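Reproduced below: coords_6.tsv, with TSV, C-alpha atoms.
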```
chain	number	residue	atom	x	y	z
A	1	MET	CA	5.03	25.21	-24.69
A	2	SER	CA	8.47	25.82	-26.17
A	3	ASN	CA	10.28	29.09	-25.54
A	4	GLU	CA	9.54	30.23	-29.10
A	5	THR	CA	5.80	29.90	-28.70
A	6	LYS	CA	5.28	31.37	-25.23
A	7	PRO	CA	2.59	34.00	-25.59
A	8	SER	CA	3.26	37.36	-24.02
A	9	VAL	CA	1.44	40.61	-23.33
A	10	GLU	CA	3.20	43.94	-23.12
A	11	LEU	CA	1.90	47.11	-21.47
A	12	ARG	CA	3.29	50.62	-21.48
A	13	ILE	CA	1.95	52.59	-18.55
A	14	PRO	CA	2.32	56.32	-17.94
A	15	ILE	CA	3.05	57.50	-14.41
A	16	LEU	CA	-0.46	58.71	-13.64
A	17	LYS	CA	-2.72	58.22	-10.64
A	18	ASP	CA	-4.16	54.71	-10.21
A	19	MET	CA	-2.71	53.51	-13.54
A	20	GLU	CA	-1.50	50.39	-11.71
A	21	LEU	CA	-5.08	49.17	-12.11
A	22	VAL	CA	-4.51	48.92	-15.86
A	23	ALA	CA	-1.93	46.27	-15.06
A	24	THR	CA	-4.23	44.40	-12.68
A	25	SER	CA	-7.05	44.35	-15.23
A	26	THR	CA	-4.70	42.75	-17.73
A	27	ALA	CA	-3.44	40.30	-15.10
A	28	ASP	CA	-7.05	39.27	-14.35
A	29	VAL	CA	-7.64	38.39	-18.00
A	30	ILE	CA	-4.38	36.43	-18.19
A	31	ALA	CA	-5.14	34.60	-14.92
A	32	LYS	CA	-8.51	33.51	-16.32
A	33	TYR	CA	-6.86	32.35	-19.54
A	34	MET	CA	-4.37	30.32	-17.50
A	35	GLN	CA	-7.18	28.98	-15.29
A	36	LEU	CA	-5.45	30.21	-12.16
A	37	SER	CA	-7.46	30.17	-8.94
A	38	GLU	CA	-9.11	33.29	-7.50
A	39	GLU	CA	-6.49	33.19	-4.75
A	40	GLU	CA	-3.61	33.09	-7.21
A	41	SER	CA	-5.20	35.82	-9.31
A	42	GLY	CA	-5.64	38.06	-6.26
A	43	GLU	CA	-2.04	37.53	-5.18
A	44	ILE	CA	-0.75	38.41	-8.65
A	45	SER	CA	-2.87	41.57	-8.75
A	46	MET	CA	-1.73	42.70	-5.32
A	47	ALA	CA	1.93	42.07	-6.13
A	48	LEU	CA	1.53	43.88	-9.43
A	49	ILE	CA	-0.04	46.91	-7.75
A	50	GLU	CA	2.88	47.15	-5.36
A	51	ALA	CA	5.50	46.58	-8.06
A	52	THR	CA	3.96	49.23	-10.31
A	53	ILE	CA	3.60	51.78	-7.51
A	54	ASN	CA	7.22	51.16	-6.51
A	55	ALA	CA	8.29	51.68	-10.10
A	56	PHE	CA	6.27	54.92	-10.22
A	57	GLU	CA	7.58	56.24	-6.92
A	58	HIS	CA	11.13	55.02	-6.69
A	59	SER	CA	12.32	55.36	-10.24
A	60	GLU	CA	12.47	59.17	-9.81
A	61	SER	CA	11.66	59.37	-13.46
A	62	GLN	CA	8.63	60.55	-15.41
A	63	LYS	CA	9.30	57.97	-18.11
A	64	ASP	CA	6.70	55.30	-18.77
A	65	ILE	CA	6.75	51.93	-17.03
A	66	PHE	CA	6.78	48.72	-19.09
A	67	ILE	CA	5.13	45.53	-17.93
A	68	ASN	CA	5.62	42.21	-19.72
A	69	PHE	CA	3.57	39.13	-18.96
A	70	THR	CA	4.90	35.82	-20.29
A	71	ILE	CA	2.55	32.86	-20.14
A	72	SER	CA	3.69	29.26	-19.93
A	73	ASP	CA	1.93	26.04	-19.05
A	74	ASP	CA	2.90	26.06	-15.42
A	75	GLU	CA	3.73	29.64	-14.51
A	76	LEU	CA	3.22	33.31	-15.22
A	77	THR	CA	6.30	35.53	-15.39
A	78	ILE	CA	5.87	39.28	-15.00
A	79	LYS	CA	8.55	41.88	-15.59
A	80	VAL	CA	8.03	45.44	-14.35
A	81	ILE	CA	10.59	47.73	-15.95
A	82	ASP	CA	11.24	51.34	-15.06
A	83	GLN	CA	13.72	53.75	-16.57
A	84	GLY	CA	14.75	55.44	-13.34
A	85	LYS	CA	18.05	55.75	-11.56
A	86	GLY	CA	18.04	52.25	-10.08
A	87	PHE	CA	18.22	51.13	-6.45
A	88	ASP	CA	19.86	48.58	-4.19
A	89	SER	CA	17.23	45.99	-3.31
A	90	LYS	CA	19.53	44.58	-0.60
A	91	GLY	CA	19.28	47.88	1.24
A	92	ILE	CA	15.54	47.54	1.80
A	93	GLN	CA	14.62	47.02	5.45
A	94	ILE	CA	11.93	44.50	6.34
A	95	PRO	CA	9.07	46.51	7.84
A	96	ASP	CA	7.61	45.60	11.20
A	97	ILE	CA	4.25	46.88	12.35
A	98	ASP	CA	5.14	46.68	16.03
A	99	SER	CA	8.03	49.09	15.63
A	100	LYS	CA	6.04	51.29	13.25
A	101	LEU	CA	3.38	51.68	15.94
A	102	LYS	CA	5.71	52.06	18.91
A	103	LYS	CA	8.39	54.27	17.46
A	104	GLN	CA	6.33	56.77	15.50
A	105	GLU	CA	8.04	55.45	12.37
A	106	ARG	CA	6.97	56.21	8.83
A	107	LYS	CA	4.10	53.81	8.20
A	108	ARG	CA	4.87	53.04	4.58
A	109	GLY	CA	7.47	50.76	3.00
A	110	TRP	CA	5.59	47.47	2.66
A	111	GLY	CA	5.71	46.97	-1.11
A	112	VAL	CA	8.75	44.72	-1.53
A	113	MET	CA	7.79	42.57	1.47
A	114	LEU	CA	4.29	42.03	0.07
A	115	ILE	CA	5.59	41.16	-3.39
A	116	LYS	CA	7.98	38.58	-1.92
A	117	GLU	CA	5.26	37.04	0.23
A	118	LEU	CA	2.68	36.86	-2.55
A	119	MET	CA	4.80	35.61	-5.45
A	120	ASP	CA	6.83	32.41	-5.85
A	121	SER	CA	10.02	34.11	-6.97
A	122	VAL	CA	11.15	37.72	-7.09
A	123	ASP	CA	14.34	39.13	-8.56
A	124	TYR	CA	15.62	42.67	-9.07
A	125	GLU	CA	18.15	43.80	-11.65
A	126	SER	CA	19.06	47.42	-11.26
A	127	SER	CA	21.50	49.83	-12.88
A	128	ASN	CA	21.76	53.55	-13.44
A	129	ASP	CA	19.43	53.13	-16.41
A	130	GLY	CA	16.57	51.58	-14.53
A	131	THR	CA	15.27	48.59	-12.65
A	132	THR	CA	13.68	45.37	-13.83
A	133	LEU	CA	11.64	43.40	-11.33
A	134	THR	CA	10.98	39.83	-12.44
A	135	MET	CA	8.40	37.87	-10.49
A	136	THR	CA	6.75	34.53	-11.13
A	137	LYS	CA	3.63	32.77	-9.95
A	138	LYS	CA	3.53	29.02	-10.38
A	139	LYS	CA	0.23	27.43	-11.27
A	140	LYS	CA	-0.96	25.15	-8.50
A	141	ASN	CA	-1.99	21.68	-9.56
A	142	GLU	CA	-5.49	21.13	-8.20
B	143	MET	CA	-13.82	56.06	-7.97
B	144	SER	CA	-12.72	55.54	-4.38
B	145	LYS	CA	-15.06	57.01	-1.77
B	146	ILE	CA	-16.83	56.66	1.54
B	147	ILE	CA	-20.41	55.67	0.79
B	148	ASN	CA	-21.77	55.86	4.32
B	149	THR	CA	-20.82	56.86	7.84
B	150	GLU	CA	-23.23	56.09	10.65
B	151	GLU	CA	-23.24	55.42	14.37
B	152	GLN	CA	-24.70	52.37	16.08
B	153	ASN	CA	-24.28	51.91	19.83
B	154	ILE	CA	-20.65	52.73	20.58
B	155	TYR	CA	-19.52	52.17	17.01
B	156	VAL	CA	-18.91	54.46	14.09
B	157	ILE	CA	-19.41	52.43	10.93
B	158	VAL	CA	-17.56	53.60	7.83
B	159	LYS	CA	-18.43	51.94	4.53
B	160	THR	CA	-16.10	52.42	1.59
B	161	GLU	CA	-16.36	51.80	-2.13
B	162	GLY	CA	-13.64	51.23	-4.69
B	163	TYR	CA	-9.87	50.98	-4.61
B	164	PHE	CA	-8.57	51.43	-1.06
B	165	ASN	CA	-5.67	53.67	-2.01
B	166	LYS	CA	-4.04	56.73	-0.46
B	167	ASP	CA	-7.02	58.95	-1.25
B	168	LEU	CA	-9.55	56.62	0.36
B	169	GLY	CA	-7.26	56.02	3.33
B	170	GLU	CA	-7.03	59.77	3.87
B	171	LEU	CA	-10.82	60.08	3.71
B	172	VAL	CA	-11.15	57.37	6.37
B	173	ILE	CA	-8.57	58.91	8.69
B	174	SER	CA	-10.33	62.27	8.36
B	175	VAL	CA	-13.56	60.69	9.57
B	176	VAL	CA	-11.72	59.02	12.46
B	177	GLU	CA	-10.04	62.29	13.49
B	178	GLU	CA	-13.36	64.10	13.35
B	179	LYS	CA	-15.22	61.47	15.37
B	180	VAL	CA	-12.43	61.16	17.96
B	181	GLN	CA	-12.98	64.85	18.64
B	182	GLU	CA	-16.58	63.85	19.49
B	183	ASP	CA	-15.28	61.15	21.90
B	184	LYS	CA	-16.09	58.28	19.54
B	185	PHE	CA	-13.29	55.74	19.80
B	186	HIS	CA	-14.66	52.52	18.33
B	187	PHE	CA	-14.78	52.15	14.57
B	188	ILE	CA	-15.91	49.49	12.13
B	189	LEU	CA	-14.59	49.70	8.59
B	190	ASP	CA	-16.90	47.85	6.20
B	191	LEU	CA	-14.90	46.88	3.09
B	192	GLU	CA	-17.65	45.02	1.26
B	193	GLN	CA	-17.50	47.39	-1.71
B	194	SER	CA	-13.69	47.73	-1.69
B	195	LYS	CA	-12.22	44.63	-3.28
B	196	ILE	CA	-8.72	45.89	-3.87
B	197	VAL	CA	-6.19	47.74	-1.74
B	198	ASN	CA	-2.66	49.04	-1.95
B	199	SER	CA	-0.06	49.26	0.78
B	200	ILE	CA	-0.30	53.04	0.93
B	201	GLY	CA	-3.99	52.84	1.84
B	202	ALA	CA	-3.22	50.05	4.29
B	203	SER	CA	-0.44	52.13	5.86
B	204	ILE	CA	-2.94	54.85	6.62
B	205	LEU	CA	-4.92	52.28	8.61
B	206	ILE	CA	-1.80	51.86	10.76
B	207	GLU	CA	-2.05	55.57	11.49
B	208	VAL	CA	-5.73	55.05	12.38
B	209	ILE	CA	-4.75	52.27	14.81
B	210	GLU	CA	-2.14	54.56	16.35
B	211	ILE	CA	-4.73	57.29	16.90
B	212	LEU	CA	-7.18	54.84	18.45
B	213	GLN	CA	-4.56	53.15	20.67
B	214	ASP	CA	-3.97	56.52	22.32
B	215	LYS	CA	-7.69	56.63	23.19
B	216	ASP	CA	-8.14	52.96	24.13
B	217	GLY	CA	-10.28	52.71	21.03
B	218	THR	CA	-10.69	49.89	18.54
B	219	LEU	CA	-10.70	49.37	14.81
B	220	SER	CA	-12.74	46.46	13.46
B	221	LEU	CA	-12.74	45.32	9.85
B	222	CYS	CA	-15.51	43.40	8.13
B	223	HIS	CA	-16.39	42.03	4.70
B	224	MET	CA	-12.74	41.81	3.67
B	225	ALA	CA	-12.00	40.23	0.30
B	226	PRO	CA	-9.59	37.28	0.73
B	227	ILE	CA	-6.65	39.12	-0.84
B	228	ILE	CA	-7.22	42.15	1.40
B	229	GLU	CA	-7.33	39.91	4.46
B	230	LYS	CA	-4.14	38.20	3.33
B	231	THR	CA	-2.41	41.53	2.67
B	232	PHE	CA	-3.38	42.92	6.07
B	233	SER	CA	-2.26	39.66	7.69
B	234	ILE	CA	1.17	39.79	6.01
B	235	MET	CA	1.57	43.36	7.22
B	236	GLY	CA	0.56	42.35	10.74
B	237	LEU	CA	-2.33	44.81	10.65
B	238	THR	CA	-4.84	42.16	11.70
B	239	LYS	CA	-2.96	41.75	15.02
B	240	TYR	CA	-4.21	45.20	15.95
B	241	CYS	CA	-7.75	44.98	14.53
B	242	ASN	CA	-10.76	42.83	15.17
B	243	THR	CA	-11.85	41.12	11.96
B	244	PHE	CA	-15.32	39.85	11.14
B	245	ALA	CA	-17.03	38.24	8.19
B	246	THR	CA	-20.08	40.51	8.42
B	247	LEU	CA	-21.12	43.87	9.82
B	248	ASP	CA	-23.65	42.18	12.12
B	249	GLU	CA	-20.86	40.10	13.65
B	250	ALA	CA	-18.75	43.20	14.12
B	251	LEU	CA	-21.60	45.00	15.84
B	252	ALA	CA	-22.23	41.99	18.11
B	253	GLN	CA	-18.61	41.73	19.32
```

Target encoding structure tokens, full file:
Amino acid sequence: MSNETKPSVELRIPILKDMELVATSTADVIAKYMQLSEEESGEISMALIEATINAFEHSESQKDIFINFTISDDELTIKVIDQGKGFDSKGIQIPDIDSKLKKQERKRGWGVMLIKELMDSVDYESSNDGTTLTMTKKKKNE
Amino acid sequence: MSKIINTEEQNIYVIVKTEGYFNKDLGELVISVVEEKVQEDKFHFILDLEQSKIVNSIGASILIEVIEILQDKDGTLSLCHMAPIIEKTFSIMGLTKYCNTFATLDEALAQ
């Protein structure tokens, strides 16, 4: 597939309860189209849930979230775009369950770690106008 | 709709069966059951996730709170019927280090 002919799907999602599942439903359809495995499809959905929730929660904005899926022969690229105030992804601490249990720490904060573990590449671009998370899942050759 | 579809007791175990997206709301329903049963000196729980095929990290984080409550009572949390992506998510988080995991409810009850 050349760059000009890569099919894409675009979603605009309001910040409403459980609306991240709209994104996962779309991802399921795309994963089937791409003939991705159940495992790959599940990993994409889980990463997408976390990315969308993070966009909802951390953008500190009530503006809609945009999600773009770009399909190519060997990978799926997903962009999750919020219009919030931006954040420094380098400042995110890696969570550890042992310390969360022992030190009465806040139990949340797993989203970025899960996204990085479940996807093949993850990149954040952030400014005062918002954050774009770009993540890819490569199709396994079976 | 996320909900608890059944809570029952067998031997020393309280079995909680959920349905739907395991999100913050469902996590809070589960921890409410645990808090209530702990007051009745029930400290061993089995969470049956057969009807919950998808989770988010907020729901999973509430299970860490459940583990914390049960650790204080020398109790246990067992998980069964986990979808592969839920098992993988809990494993990445390290949650499965603090839970017993089983393929079926019968196996969980026979532990």

Next on the checklist: Using only C-alpha atoms, I'd like every residue of chain B that has an atom within 9 Å of chain A; please write them out as a ChimeraX atom specification.
Outcome noted: /B:163,165,196-200,202-204,206-207,209-210,226-228,230-231,234-237

Output file for the residues above (C-alpha atoms, as a PDB file, in the coordinates of the input):
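So the final result, stored in again-v9.pdb, reads:
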```pdb
ATOM      1  CA  TYR B 163      -9.870  50.980  -4.610  1.00  0.00           C
ATOM      2  CA  ASN B 165      -5.670  53.670  -2.010  1.00  0.00           C
ATOM      3  CA  ILE B 196      -8.720  45.890  -3.870  1.00  0.00           C
ATOM      4  CA  VAL B 197      -6.190  47.740  -1.740  1.00  0.00           C
ATOM      5  CA  ASN B 198      -2.660  49.040  -1.950  1.00  0.00           C
ATOM      6  CA  SER B 199      -0.060  49.260   0.780  1.00  0.00           C
ATOM      7  CA  ILE B 200      -0.300  53.040   0.930  1.00  0.00           C
ATOM      8  CA  ALA B 202      -3.220  50.050   4.290  1.00  0.00           C
ATOM      9  CA  SER B 203      -0.440  52.130   5.860  1.00  0.00           C
ATOM     10  CA  ILE B 204      -2.940  54.850   6.620  1.00  0.00           C
ATOM     11  CA  ILE B 206      -1.800  51.860  10.760  1.00  0.00           C
ATOM     12  CA  GLU B 207      -2.050  55.570  11.490  1.00  0.00           C
ATOM     13  CA  ILE B 209      -4.750  52.270  14.810  1.00  0.00           C
ATOM     14  CA  GLU B 210      -2.140  54.560  16.350  1.00  0.00           C
ATOM     15  CA  PRO B 226      -9.590  37.280   0.730  1.00  0.00           C
ATOM     16  CA  ILE B 227      -6.650  39.120  -0.840  1.00  0.00           C
ATOM     17  CA  ILE B 228      -7.220  42.150   1.400  1.00  0.00           C
ATOM     18  CA  LYS B 230      -4.140  38.200   3.330  1.00  0.00           C
ATOM     19  CA  THR B 231      -2.410  41.530   2.670  1.00  0.00           C
ATOM     20  CA  ILE B 234       1.170  39.790   6.010  1.00  0.00           C
ATOM     21  CA  MET B 235       1.570  43.360   7.220  1.00  0.00           C
ATOM     22  CA  GLY B 236       0.560  42.350  10.740  1.00  0.00           C
ATOM     23  CA  LEU B 237      -2.330  44.810  10.650  1.00  0.00           C
TER      24      LEU B 237
END
```

Next on the checklist: Give me, as a PyMOL selection string, all polymer residues having an atom no more than 9 Å from region 178-190 of chain B, counting only C-alpha atoms and skipping those fewer than 2 positions away in the same chain.
Outcome noted: chain B and resi 154-160+172-176+192-194+211-212+215-224+242+246-247+250-251

Enclosing box along x, y and z for every listed atom of region 148-165 of chain B, padded 5 Å each side, centre and size in Å, one decimal, as AutoDock Vina command-line options:
```
--center_x -15.2 --center_y 53.9 --center_z 7.9 --size_x 29.0 --size_y 15.9 --size_z 35.3
```

Next on the checklist: Quick check, in Å to one decimal: how far apart do CA of Asp74 (chain A) and CA of Val29 (chain A) lie?
Outcome noted: 16.4 Å

Checklist outcome for this item: Pairwise distance, CA of Asn54 (chain A) with CA of Lys195 (chain B), equals 20.8 Å

Checklist entry - Closest to Ser37 (chain A) among A:Thr136, A:Asn141, A:Glu60, A:Lys90, using only C-alpha atoms? => result A:Asn141

Checklist entry - Can you list, as a PyMOL selection string, every protein, DNA or RNA residue that comes within 9 Å of Ile71 (chain A) when you count only C-alpha atoms, leaving out same-chain residues fewer than 2 positions away? => result chain A and resi 6-9+30+34+69+73-78

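CA of Thr131 (chain A) is positioned 5.8 Å from CA of Ile81 (chain A).
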
Checklist entry - Restricting the calculation to only C-alpha atoms, which member of A:Ser126, A:Lys139, A:Met19, A:Asp64 is positioned closest to Phe87 (chain A)? => result A:Ser126

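Minimum atom-to-atom distances from A:Lys103, A:Lys79, A:Lys85, A:Arg12 to Val122 (chain A) were compared using all atoms listed in the file, and the lowest value belongs to A:Lys79.
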
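Using all atoms listed in the file, the contacts of Val80 (chain A) at a cut-off of 7 Å, with sequence neighbours closer than 3 positions omitted, comprise A:Ala51, A:Thr52, A:Phe66, A:Ile67, A:Asn68, A:Thr132, A:Leu133, A:Thr134.
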
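Minimum distance to Pro14 (chain A) across A:Met119, A:Met135, A:Ala55, A:Val112 (counting all atoms listed in the file) occurs at A:Ala55.
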